[in-house]
>>> print(open('model-v7.cif').read())   # mmCIF, C-alpha atoms
data_model
#
loop_
_atom_site.label_atom_id
_atom_site.label_comp_id
_atom_site.auth_asym_id
_atom_site.auth_seq_id
_atom_site.Cartn_x
_atom_site.Cartn_y
_atom_site.Cartn_z
CA MET A 12 -12.67 -22.29 29.12
CA GLU A 13 -15.05 -19.53 28.12
CA ASN A 14 -13.74 -16.00 28.55
CA GLN A 15 -16.67 -13.59 28.38
CA LYS A 16 -16.02 -11.23 31.29
CA LYS A 17 -13.17 -9.15 32.65
CA ALA A 18 -12.10 -8.26 36.16
CA THR A 19 -10.23 -5.01 36.85
CA LEU A 20 -7.23 -4.76 39.17
CA THR A 21 -5.98 -1.36 40.28
CA TYR A 22 -2.63 -1.17 42.04
CA ASP A 23 -0.14 1.61 42.58
CA GLY A 24 -1.93 3.89 40.14
CA ASN A 25 -2.10 1.34 37.32
CA THR A 26 -5.04 -0.74 36.10
CA TRP A 27 -5.10 -4.17 34.46
CA GLU A 28 -7.90 -6.24 33.00
CA LEU A 29 -7.91 -9.92 33.98
CA PRO A 30 -9.86 -12.62 32.11
CA VAL A 31 -12.78 -14.25 33.93
CA TYR A 32 -13.65 -17.85 33.04
CA GLU A 33 -17.10 -19.32 33.57
CA ALA A 34 -17.50 -22.74 35.19
CA THR A 35 -20.06 -25.29 34.01
CA VAL A 36 -21.33 -25.36 37.59
CA GLY A 37 -20.07 -23.29 40.50
CA GLN A 38 -17.80 -20.30 40.87
CA SER A 39 -16.18 -18.36 38.05
CA VAL A 40 -12.44 -17.75 38.26
CA VAL A 41 -10.23 -14.74 37.63
CA ASP A 42 -7.12 -15.64 35.63
CA ILE A 43 -4.07 -14.21 37.41
CA SER A 44 -1.50 -16.40 35.68
CA ASN A 45 0.14 -13.35 34.04
CA LEU A 46 -0.24 -11.05 37.04
CA TYR A 47 3.45 -11.07 37.97
CA ASN A 48 4.58 -10.41 34.41
CA ASP A 49 2.06 -7.59 34.00
CA ALA A 50 1.95 -5.98 37.45
CA GLY A 51 5.01 -7.34 39.25
CA ILE A 52 3.01 -8.65 42.22
CA PHE A 53 1.77 -12.00 43.53
CA THR A 54 -1.45 -12.90 45.29
CA TYR A 55 -1.47 -14.13 48.90
CA ASP A 56 -3.80 -17.05 49.66
CA PRO A 57 -2.72 -19.33 52.56
CA GLY A 58 -4.15 -22.80 52.09
CA PHE A 59 -5.25 -21.85 48.56
CA LYS A 60 -8.79 -21.27 49.83
CA SER A 61 -9.60 -18.87 46.98
CA THR A 62 -7.32 -20.28 44.29
CA ALA A 63 -8.20 -22.64 41.44
CA SER A 64 -5.00 -24.53 40.68
CA CYS A 65 -6.32 -26.27 37.58
CA GLU A 66 -9.22 -26.80 35.19
CA SER A 67 -10.94 -30.15 35.81
CA LYS A 68 -13.93 -32.12 34.53
CA ILE A 69 -13.84 -34.88 37.14
CA THR A 70 -15.42 -33.95 40.48
CA TYR A 71 -17.47 -31.03 41.73
CA VAL A 72 -18.28 -30.11 45.33
CA ASP A 73 -20.78 -27.44 46.40
CA GLY A 74 -20.26 -27.02 50.11
CA GLU A 75 -23.17 -24.64 50.58
CA LYS A 76 -25.70 -27.02 49.01
CA GLY A 77 -24.12 -30.23 50.29
CA LEU A 78 -23.56 -31.50 46.74
CA LEU A 79 -20.92 -33.91 45.44
CA LEU A 80 -20.81 -34.90 41.76
CA TYR A 81 -18.58 -37.46 40.04
CA ARG A 82 -18.50 -36.49 36.35
CA GLY A 83 -21.88 -34.84 36.93
CA TYR A 84 -23.54 -37.76 38.73
CA PRO A 85 -24.70 -37.17 42.34
CA ILE A 86 -22.82 -39.27 44.87
CA GLU A 87 -26.11 -40.51 46.35
CA GLN A 88 -27.12 -42.13 43.04
CA LEU A 89 -23.74 -43.76 42.49
CA ALA A 90 -23.51 -45.10 46.06
CA LYS A 91 -26.97 -46.67 45.91
CA GLN A 92 -27.23 -47.77 42.27
CA SER A 93 -23.68 -48.25 41.00
CA ASP A 94 -20.65 -50.20 42.24
CA PHE A 95 -17.02 -49.30 42.76
CA ILE A 96 -15.69 -50.76 39.51
CA GLU A 97 -18.27 -48.84 37.47
CA THR A 98 -17.43 -45.71 39.46
CA CYS A 99 -13.73 -46.24 38.71
CA TYR A 100 -14.49 -46.44 35.00
CA LEU A 101 -16.59 -43.28 35.24
CA LEU A 102 -13.87 -41.29 36.98
CA LEU A 103 -11.15 -42.47 34.60
CA HIS A 104 -13.05 -42.23 31.31
CA GLY A 105 -15.72 -39.60 31.94
CA THR A 106 -18.77 -41.71 31.08
CA LEU A 107 -20.62 -44.65 32.57
CA PRO A 108 -19.58 -47.85 30.76
CA MET A 109 -21.71 -50.03 28.56
CA GLU A 110 -22.04 -53.59 29.86
CA GLU A 111 -19.27 -54.94 27.63
CA GLU A 112 -16.96 -52.06 28.54
CA LYS A 113 -17.53 -52.65 32.25
CA ASP A 114 -16.87 -56.38 31.91
CA THR A 115 -13.64 -55.73 30.03
CA PHE A 116 -12.52 -53.15 32.58
CA ALA A 117 -13.39 -55.41 35.54
CA HIS A 118 -11.46 -58.27 33.93
CA SER A 119 -8.39 -56.08 33.43
CA ILE A 120 -8.48 -55.12 37.12
CA LYS A 121 -8.82 -58.74 38.26
CA ILE A 122 -5.91 -60.09 36.21
CA HIS A 123 -3.59 -57.42 37.62
CA SER A 124 -4.56 -57.81 41.29
CA MET A 125 -1.52 -59.88 42.27
CA VAL A 126 1.73 -58.13 43.17
CA HIS A 127 5.21 -59.26 42.22
CA GLU A 128 6.25 -62.04 44.59
CA GLN A 129 9.41 -60.15 45.61
CA VAL A 130 7.23 -57.37 46.99
CA SER A 131 6.36 -59.63 49.93
CA CYS A 132 10.01 -59.42 50.98
CA PHE A 133 9.64 -55.67 51.50
CA TYR A 134 7.08 -56.14 54.26
CA ARG A 135 9.55 -58.10 56.36
CA GLY A 136 11.78 -55.03 56.48
CA PHE A 137 9.17 -53.17 58.54
CA ARG A 138 8.54 -53.62 62.25
CA ARG A 139 5.39 -55.56 63.04
CA ASP A 140 4.00 -52.58 64.93
CA ALA A 141 4.62 -50.12 62.08
CA HIS A 142 1.56 -48.10 61.13
CA PRO A 143 0.01 -49.68 58.00
CA MET A 144 0.02 -46.29 56.25
CA ALA A 145 3.81 -46.15 56.56
CA VAL A 146 4.03 -49.61 55.05
CA VAL A 147 1.59 -48.94 52.20
CA CYS A 148 3.27 -45.62 51.34
CA GLY A 149 6.63 -47.37 51.07
CA ILE A 150 5.35 -50.31 49.04
CA VAL A 151 3.43 -48.13 46.55
CA GLY A 152 6.50 -45.95 46.07
CA ALA A 153 8.47 -49.08 45.22
CA MET A 154 6.05 -50.14 42.47
CA SER A 155 7.98 -48.15 39.88
CA ALA A 156 10.95 -50.43 40.55
CA PHE A 157 8.91 -53.41 39.37
CA TYR A 158 6.82 -52.09 36.48
CA HIS A 159 9.24 -50.34 34.17
CA ASP A 160 6.84 -50.69 31.26
CA SER A 161 4.31 -48.26 32.76
CA ILE A 162 6.28 -45.22 33.95
CA ASP A 163 6.59 -43.27 30.68
CA ASN A 164 4.03 -40.49 31.00
CA SER A 165 4.34 -39.58 27.32
CA ASP A 166 2.95 -42.97 26.28
CA PRO A 167 -0.87 -43.14 26.64
CA GLU A 168 -0.81 -46.94 26.71
CA GLN A 169 1.66 -46.93 29.61
CA CYS A 170 -0.52 -44.43 31.47
CA ILE A 171 -3.51 -46.73 31.11
CA ALA A 172 -1.43 -49.71 32.19
CA ALA A 173 -0.15 -47.87 35.27
CA SER A 174 -3.68 -46.81 36.26
CA THR A 175 -5.04 -50.34 35.84
CA ARG A 176 -2.20 -51.87 37.81
CA MET A 177 -2.42 -49.40 40.65
CA ILE A 178 -6.20 -49.73 41.06
CA ALA A 179 -5.88 -53.52 40.91
CA LYS A 180 -2.96 -53.85 43.30
CA ILE A 181 -3.73 -51.28 46.00
CA PRO A 182 -6.25 -53.57 47.81
CA THR A 183 -3.69 -56.40 47.74
CA ILE A 184 -0.95 -54.11 49.07
CA ALA A 185 -3.27 -52.83 51.81
CA ALA A 186 -4.45 -56.30 52.81
CA MET A 187 -0.86 -57.53 52.99
CA ALA A 188 -0.01 -54.63 55.30
CA TYR A 189 -2.86 -55.66 57.58
CA LYS A 190 -1.93 -59.34 57.55
CA TYR A 191 1.69 -58.49 58.29
CA SER A 192 0.68 -56.35 61.28
CA ILE A 193 -1.22 -59.24 62.90
CA GLY A 194 1.26 -61.97 62.01
CA GLN A 195 -0.97 -63.89 59.62
CA PRO A 196 0.04 -65.24 56.19
CA PHE A 197 -0.68 -63.17 53.09
CA MET A 198 -3.79 -64.23 51.20
CA TYR A 199 -3.78 -64.08 47.41
CA PRO A 200 -6.58 -62.33 45.50
CA ARG A 201 -9.33 -64.49 44.02
CA ASN A 202 -10.55 -63.56 40.55
CA GLU A 203 -14.06 -64.94 41.03
CA LEU A 204 -14.81 -62.26 43.64
CA ASN A 205 -15.72 -58.64 43.03
CA TYR A 206 -13.44 -55.81 44.12
CA ALA A 207 -14.88 -55.24 47.61
CA SER A 208 -15.38 -58.94 48.38
CA ASN A 209 -11.86 -59.72 47.25
CA PHE A 210 -10.45 -57.09 49.59
CA LEU A 211 -12.42 -58.47 52.54
CA GLN A 212 -11.28 -62.04 51.88
CA MET A 213 -7.64 -60.96 51.57
CA CYS A 214 -7.95 -59.23 54.94
CA PHE A 215 -9.97 -61.75 56.92
CA SER A 216 -9.57 -65.23 55.41
CA VAL A 217 -6.92 -67.70 56.57
CA PRO A 218 -5.51 -70.78 54.79
CA SER A 219 -6.82 -73.18 57.42
CA GLU A 220 -10.53 -72.69 56.73
CA ASP A 221 -13.01 -71.59 54.11
CA TYR A 222 -14.13 -67.97 54.10
CA LYS A 223 -17.43 -66.81 52.66
CA VAL A 224 -17.97 -63.12 52.09
CA ASN A 225 -21.23 -61.75 53.48
CA PRO A 226 -22.94 -59.96 50.53
CA LEU A 227 -24.30 -57.17 52.74
CA LEU A 228 -20.87 -56.50 54.25
CA SER A 229 -19.33 -56.59 50.80
CA ARG A 230 -21.86 -54.02 49.62
CA ALA A 231 -21.07 -51.86 52.64
CA MET A 232 -17.37 -52.05 51.79
CA ASP A 233 -18.19 -51.14 48.20
CA ARG A 234 -20.09 -48.06 49.36
CA VAL A 235 -17.20 -46.97 51.56
CA LEU A 236 -14.95 -47.13 48.49
CA ILE A 237 -17.39 -45.20 46.26
CA LEU A 238 -17.92 -42.45 48.83
CA HIS A 239 -14.17 -41.89 49.21
CA ALA A 240 -13.16 -42.29 45.54
CA ASP A 241 -12.61 -38.59 44.81
CA HIS A 242 -13.29 -35.20 46.34
CA GLU A 243 -12.09 -32.45 44.02
CA GLN A 244 -8.79 -30.61 44.73
CA ASN A 245 -8.28 -31.66 48.35
CA ALA A 246 -4.85 -31.76 50.02
CA SER A 247 -3.83 -35.25 48.84
CA THR A 248 -5.18 -34.77 45.31
CA SER A 249 -3.35 -31.46 45.05
CA THR A 250 -0.23 -33.25 46.27
CA VAL A 251 -0.60 -35.88 43.53
CA ARG A 252 -1.01 -33.15 40.92
CA LEU A 253 1.95 -31.19 42.26
CA ALA A 254 4.15 -34.29 42.26
CA GLY A 255 2.93 -35.20 38.78
CA SER A 256 3.66 -31.72 37.47
CA SER A 257 7.38 -32.58 37.60
CA ASP A 258 6.63 -35.52 35.26
CA THR A 259 7.45 -38.11 37.88
CA ASN A 260 5.97 -41.59 37.48
CA PRO A 261 2.39 -42.34 38.59
CA PHE A 262 3.42 -44.75 41.35
CA ALA A 263 5.49 -42.02 43.00
CA CYS A 264 2.56 -39.61 42.61
CA VAL A 265 0.18 -41.99 44.38
CA ALA A 266 2.75 -42.59 47.14
CA ALA A 267 2.91 -38.81 47.63
CA GLY A 268 -0.88 -38.70 47.87
CA ILE A 269 -0.85 -41.46 50.48
CA ALA A 270 1.71 -39.57 52.56
CA CYS A 271 -0.49 -36.46 52.53
CA LEU A 272 -3.67 -38.43 53.21
CA TRP A 273 -2.17 -39.84 56.39
CA GLY A 274 -2.62 -36.58 58.29
CA PRO A 275 -5.35 -36.56 60.99
CA ALA A 276 -6.82 -33.40 59.48
CA HIS A 277 -7.36 -35.26 56.19
CA GLY A 278 -7.64 -39.03 55.74
CA GLY A 279 -6.88 -39.82 59.35
CA ALA A 280 -10.00 -38.00 60.54
CA ASN A 281 -12.13 -41.17 60.74
CA GLU A 282 -9.51 -42.83 62.93
CA ALA A 283 -9.38 -39.73 65.12
CA SER A 284 -13.20 -39.62 65.26
CA LEU A 285 -13.50 -43.19 66.53
CA ASN A 286 -10.74 -42.61 69.08
CA MET A 287 -12.70 -39.59 70.33
CA LEU A 288 -15.93 -41.59 70.66
CA ARG A 289 -14.03 -44.24 72.61
CA GLU A 290 -12.58 -41.54 74.86
CA ILE A 291 -16.05 -40.17 75.61
CA ALA A 292 -17.15 -43.80 76.24
CA THR A 293 -20.63 -43.17 77.67
CA ILE A 294 -23.58 -40.89 76.92
CA ASP A 295 -23.49 -39.28 80.37
CA ARG A 296 -20.01 -37.87 79.62
CA ILE A 297 -21.11 -36.10 76.43
CA PRO A 298 -22.05 -32.77 78.14
CA GLU A 299 -18.52 -32.55 79.51
CA TYR A 300 -17.01 -32.89 76.04
CA ILE A 301 -19.56 -30.55 74.45
CA ALA A 302 -18.59 -27.91 77.00
CA ARG A 303 -14.92 -28.47 76.20
CA ALA A 304 -15.62 -28.12 72.46
CA LYS A 305 -17.31 -24.77 73.07
CA ASP A 306 -14.48 -23.50 75.29
CA LYS A 307 -12.12 -21.40 73.19
CA ASN A 308 -9.33 -21.96 75.70
CA ASP A 309 -9.61 -25.75 75.54
CA PRO A 310 -7.61 -27.39 72.71
CA PHE A 311 -10.12 -30.28 72.51
CA ARG A 312 -11.95 -30.63 69.18
CA LEU A 313 -14.96 -32.76 68.34
CA MET A 314 -13.68 -34.93 65.49
CA GLY A 315 -16.12 -35.93 62.75
CA PHE A 316 -18.05 -32.66 62.78
CA GLY A 317 -17.83 -29.91 60.22
CA HIS A 318 -15.88 -29.81 57.01
CA ARG A 319 -13.66 -27.22 55.40
CA ILE A 320 -15.75 -27.39 52.22
CA TYR A 321 -19.23 -28.48 53.34
CA LYS A 322 -21.22 -25.75 55.08
CA ASN A 323 -24.26 -28.00 54.94
CA TYR A 324 -24.80 -31.69 55.71
CA ASP A 325 -22.10 -33.81 54.07
CA PRO A 326 -24.04 -35.79 51.38
CA ARG A 327 -21.79 -38.78 51.99
CA ALA A 328 -22.56 -38.79 55.72
CA LYS A 329 -26.25 -39.73 55.33
CA ILE A 330 -25.38 -42.70 53.08
CA MET A 331 -22.65 -43.74 55.50
CA GLN A 332 -25.07 -43.46 58.41
CA GLU A 333 -27.55 -45.78 56.68
CA THR A 334 -24.78 -48.21 55.79
CA CYS A 335 -23.49 -48.12 59.37
CA HIS A 336 -26.89 -49.15 60.73
CA GLU A 337 -27.23 -51.92 58.14
CA VAL A 338 -23.86 -53.38 59.09
CA LEU A 339 -24.51 -53.23 62.82
CA GLN A 340 -27.92 -54.86 62.37
CA GLU A 341 -26.49 -57.60 60.12
CA LEU A 342 -23.81 -58.39 62.67
CA GLY A 343 -26.24 -58.28 65.57
CA ILE A 344 -24.63 -55.27 67.21
CA LYS A 345 -27.68 -53.69 68.81
CA ASN A 346 -26.30 -51.95 71.87
CA ASP A 347 -22.98 -50.70 70.70
CA PRO A 348 -21.81 -48.05 73.23
CA THR A 349 -19.73 -46.22 70.66
CA LEU A 350 -22.69 -45.95 68.28
CA SER A 351 -24.90 -44.79 71.15
CA VAL A 352 -22.47 -41.99 71.89
CA ALA A 353 -22.30 -41.16 68.17
CA MET A 354 -26.09 -40.99 67.79
CA GLU A 355 -26.45 -38.73 70.82
CA LEU A 356 -23.67 -36.47 69.57
CA GLU A 357 -25.36 -36.26 66.17
CA LYS A 358 -28.68 -35.34 67.81
CA ILE A 359 -27.00 -32.55 69.78
CA ALA A 360 -25.12 -31.27 66.74
CA LEU A 361 -28.34 -30.98 64.73
CA THR A 362 -30.27 -29.13 67.48
CA ASP A 363 -27.72 -27.18 69.52
CA ASP A 364 -27.51 -23.48 68.58
CA TYR A 365 -23.73 -23.51 68.83
CA PHE A 366 -23.35 -26.27 66.25
CA ILE A 367 -26.10 -24.89 64.02
CA SER A 368 -24.63 -21.37 63.99
CA LYS A 369 -21.20 -22.73 63.07
CA LYS A 370 -22.70 -25.35 60.72
CA LEU A 371 -20.82 -28.17 62.41
CA TYR A 372 -22.75 -31.05 60.84
CA PRO A 373 -21.59 -34.67 61.16
CA ASN A 374 -19.35 -35.61 58.24
CA ILE A 375 -18.51 -38.94 56.61
CA ASP A 376 -15.67 -39.64 59.05
CA PHE A 377 -18.17 -39.65 61.90
CA TYR A 378 -19.85 -42.82 60.62
CA SER A 379 -17.21 -44.52 58.51
CA GLY A 380 -15.01 -45.22 61.52
CA ILE A 381 -17.82 -47.09 63.31
CA THR A 382 -18.67 -49.02 60.14
CA LEU A 383 -15.10 -50.09 59.48
CA ARG A 384 -14.63 -51.16 63.08
CA ALA A 385 -17.81 -53.26 62.86
CA LEU A 386 -16.45 -54.89 59.70
CA GLY A 387 -13.44 -55.99 61.73
CA PHE A 388 -10.75 -53.44 60.87
CA PRO A 389 -8.51 -51.91 63.54
CA THR A 390 -8.37 -48.12 63.63
CA ALA A 391 -4.88 -48.10 62.11
CA MET A 392 -6.38 -49.51 58.88
CA PHE A 393 -9.02 -46.83 58.43
CA THR A 394 -6.83 -44.38 56.54
CA VAL A 395 -5.36 -47.24 54.49
CA ILE A 396 -8.88 -48.11 53.28
CA PHE A 397 -9.36 -44.43 52.44
CA ALA A 398 -6.22 -44.66 50.30
CA VAL A 399 -7.52 -47.80 48.56
CA ALA A 400 -10.65 -45.88 47.57
CA ARG A 401 -8.95 -42.58 46.69
CA THR A 402 -6.33 -44.18 44.42
CA VAL A 403 -8.69 -44.11 41.45
CA GLY A 404 -9.46 -40.42 42.04
CA TRP A 405 -5.77 -39.58 42.25
CA LEU A 406 -5.09 -41.44 39.01
CA ALA A 407 -7.99 -39.78 37.20
CA GLN A 408 -6.72 -36.38 38.31
CA TRP A 409 -3.14 -37.26 37.38
CA ARG A 410 -4.14 -38.43 33.89
CA GLU A 411 -6.21 -35.29 33.34
CA MET A 412 -3.28 -33.15 34.44
CA ILE A 413 -0.62 -34.69 32.22
CA ALA A 414 -2.99 -34.40 29.23
CA ASP A 415 -3.60 -30.68 29.88
CA PRO A 416 -1.26 -28.56 27.72
CA SER A 417 -1.74 -25.52 29.98
CA GLN A 418 -0.31 -27.25 33.07
CA LYS A 419 3.21 -26.37 34.19
CA ILE A 420 5.43 -27.59 36.99
CA GLY A 421 3.96 -26.44 40.30
CA ARG A 422 5.82 -23.52 41.85
CA PRO A 423 3.81 -21.57 44.47
CA ARG A 424 5.09 -18.13 45.45
CA GLN A 425 5.54 -16.72 48.95
CA LEU A 426 5.32 -13.59 51.03
CA TYR A 427 8.87 -13.33 52.38
CA THR A 428 9.09 -11.73 55.84
CA GLY A 429 12.60 -12.83 56.85
CA SER A 430 15.76 -10.77 57.14
CA PRO A 431 16.77 -8.59 54.20
CA GLN A 432 20.14 -9.23 52.58
CA ARG A 433 23.00 -9.04 55.07
CA GLY A 434 26.69 -9.83 55.14
CA TYR A 435 28.30 -12.90 56.65
CA VAL A 436 30.18 -12.35 59.95
CA SER A 437 32.84 -14.85 61.01
CA ILE A 438 32.08 -16.83 64.17
CA LYS A 439 34.76 -15.06 66.21
CA LYS A 440 33.29 -11.63 65.49
CA ARG A 441 29.62 -12.38 66.19
#
>>> encode(input="model-v7.cif", output="structure tokens")
Amino acid sequence: MENQKKATLTYDGNTWELPVYEATVGQSVVDISNLYNDAGIFTYDPGFKSTASCESKITYVDGEKGLLLYRGYPIEQLAKQSDFIETCYLLLHGTLPMEEEKDTFAHSIKIHSMVHEQVSCFYRGFRRDAHPMAVVCGIVGAMSAFYHDSIDNSDPEQCIAASTRMIAKIPTIAAMAYKYSIGQPFMYPRNELNYASNFLQMCFSVPSEDYKVNPLLSRAMDRVLILHADHEQNASTSTVRLAGSSDTNPFACVAAGIACLWGPAHGGANEASLNMLREIATIDRIPEYIARAKDKNDPFRLMGFGHRIYKNYDPRAKIMQETCHEVLQELGIKNDPTLSVAMELEKIALTDDYFISKKLYPNIDFYSGITLRALGFPTAMFTVIFAVARTVGWLAQWREMIADPSQKIGRPRQLYTGSPQRGYVSIKKR
């Protein structure tokens, strides 16, 4: 980090100079890591909206410009010209692979796609109606009980092995959760298929008949994975880094990320968005829900609009919109009522003064839910698919963190507003 400027803090009659570090792209940061030692005070930043928790070279988001970069490459270029395996390599290693490097990496993923046969026993311990995210979180957390040769964070080879295994196995784990929920037999991965096609066949094929993956649907699935692969220091990624800061194993870190991702304000937003569109049901009911969204006294929220980071159009949303239309056309879904409601809502959001003034543009969740439903997934699987995609981003962030000598165990401070010290009073005298 380059330190060329200084910021001045004045407090209680004293003044301190704080280093300012320049970013390659984006905002500079003021280094307050020694503020408590020097000034005896903390900063207060609920939600860490103005706090950089780490230095990273992986992903950059510019919410004002609607820009998302993976290792410097715009998401639009990767989604349209690359594939998920190449994107995984890019996020993990920092550069796009040469052809031989990509082939070697893809092969390593394929040969690790099966899970230990005893893992299947774990699924039977869950209720059939358990949410797939609960199942996947539990299974991923148990991975460290099976792969003892890849949990030593001080060994670079074990870190690589853990990353490869987790990226390879997460689609299998997710597909098994889906199959278990609908009472169908588990389907093994097939090494002749690419990553997205393999996931689709594990979810939708059955032993009693042949299953051929539609190339267009496979490409749509691949795009969904690329668009969700990483997104800077969001809640789940920060959770993975915080868990990893205690030097816990990577499988536990990813399980922690999955648990955080499950929230409807984070990874569950696409599920919530589709549920909202189904609730609205018809175009003629949209004005009613728009009025409710504008009413400050109504707790109703339009899901799939706006983003904490993006104050412009989500760059992933346009690609997802195009992909959504391609899938619906391929499957012959011309008059889908949910899509009709979605398109009308989008039109209103882009022209209504209320939405424009608040910059409530449609985000990726708005379209991804419709696309995944068209592909055949129930809403309960939407966040699971998000986790399949985001696993590579979590692992890239985790590996960067454990290799950073400046990182320490996470320990946020607080503004304490409870009772001051007081003496204990026995129960009979209270």
>>> atom_distance(input="model-v7.cif", atom1="CA of Leu101 in chain A", atom2="CA of Thr70 in chain A")
10.8 Å
>>> closest_residue(input="model-v7.cif", among="A:Val36, A:Val235, A:Ala391, A:Val41", to="Lys17 in chain A", atoms="all atoms listed in the file")
A:Val41
>>> resolve_selection(input="model-v7.cif", expression="the PyMOL selection byres ((chain A and resi 165-181) around 7)", output="list in words")
Ile120, Lys121, His123, Ser124, Met125, Val126, Asp160, Ser161, Ile162, Asp163, Asn164, Pro182, Thr183, Ile184, Ala185, Pro261, Val399, Thr402, Val403 and Leu406 of chain A
>>> closest_residue(input="model-v7.cif", among="A:Val130, A:Ile344, A:Ile359, A:Leu238", to="Ser93 in chain A", atoms="all atoms listed in the file")
A:Leu238
>>> residues_around(input="model-v7.cif", residues="Asn281 in chain A", least_positions_apart="2", cutoff="10 Å", atoms="all atoms listed in the file", output="MDAnalysis selection string")
chainID A and resid 275:279 283:287 314:315 374:381 383 390 393:394 397
>>> residues_near_point(input="model-v7.cif", point="(8.4, -59.0, 47.3)", cutoff="12 Å", atoms="only C-alpha atoms", output="list in words")
Met125, Val126, His127, Glu128, Gln129, Val130, Ser131, Cys132, Phe133, Tyr134, Arg135, Gly136, Ile150, Val151, Ala153, Met154, Ala156, Phe157, Ile184, Met187 and Phe197 of chain A
>>> residues_around(input="model-v7.cif", residues="range 54-66 of chain A", least_positions_apart="2", cutoff="12 Å", atoms="all atoms listed in the file", output="MDAnalysis selection string")
chainID A and resid 12:13 20 32:35 37:47 50:52 68:71 243:246 248:250 252:253 256 319:320 408:409 411:427
>>> resolve_selection(input="model-v7.cif", expression="the PyMOL selection byres ((chain A and resi 99) around 9)", output="PyMOL selection string")
chain A and resi 94-98+100-104+178+237+240+403-404+407
>>> atom_distance(input="model-v7.cif", atom1="CA of Tyr81 in chain A", atom2="CA of Thr106 in chain A")
9.9 Å
>>> residues_around(input="model-v7.cif", residues="Asp363 in chain A", least_positions_apart="6", cutoff="12 Å", atoms="only C-alpha atoms", output="MDAnalysis selection string")
chainID A and resid 298 301:302 305 355:357 369:372
>>> write_last_selection(input="model-v7.cif", atoms="C-alpha atoms", output="PDB file, in the coordinates of the input")
ATOM      1  CA  PRO A 298     -22.050 -32.770  78.140  1.00  0.00           C
ATOM      2  CA  ILE A 301     -19.560 -30.550  74.450  1.00  0.00           C
ATOM      3  CA  ALA A 302     -18.590 -27.910  77.000  1.00  0.00           C
ATOM      4  CA  LYS A 305     -17.310 -24.770  73.070  1.00  0.00           C
ATOM      5  CA  GLU A 355     -26.450 -38.730  70.820  1.00  0.00           C
ATOM      6  CA  LEU A 356     -23.670 -36.470  69.570  1.00  0.00           C
ATOM      7  CA  GLU A 357     -25.360 -36.260  66.170  1.00  0.00           C
ATOM      8  CA  LYS A 369     -21.200 -22.730  63.070  1.00  0.00           C
ATOM      9  CA  LYS A 370     -22.700 -25.350  60.720  1.00  0.00           C
ATOM     10  CA  LEU A 371     -20.820 -28.170  62.410  1.00  0.00           C
ATOM     11  CA  TYR A 372     -22.750 -31.050  60.840  1.00  0.00           C
TER      12      TYR A 372
END
>>> closest_residue(input="model-v7.cif", among="A:Ala266, A:Leu272, A:Leu228, A:Leu386", to="Ser247 in chain A", atoms="all atoms listed in the file")
A:Leu272
>>> atom_distance(input="model-v7.cif", atom1="CA of Pro326 in chain A", atom2="CA of Leu350 in chain A")
19.8 Å
>>> axis_aligned_box(input="model-v7.cif", around="range 396-406 of chain A", padding_each_side="4 Å", output="AutoDock Vina command-line options")
--center_x -7.9 --center_y -43.8 --center_z 46.1 --size_x 13.6 --size_y 16.5 --size_z 22.3
>>> residues_around(input="model-v7.cif", residues="Pro226 in chain A", least_positions_apart="2", cutoff="12 Å", atoms="only C-alpha atoms", output="PyMOL selection string")
chain A and resi 204-205+207-209+211-212+223-224+228-233+337-338+341
>>> closest_residue(input="model-v7.cif", among="A:Glu220, A:Glu75, A:Glu333, A:Asp140", to="His318 in chain A", atoms="only C-alpha atoms")
A:Glu75
>>> residues_around(input="model-v7.cif", residues="Lys91 in chain A", least_positions_apart="5", cutoff="9 Å", atoms="all atoms listed in the file", output="list in words")
Ile86, Arg234 and Ile330 of chain A
>>> closest_residue(input="model-v7.cif", among="A:Ile291, A:Leu107, A:Ala280, A:Ile396", to="Ala188 in chain A", atoms="all atoms listed in the file")
A:Ile396
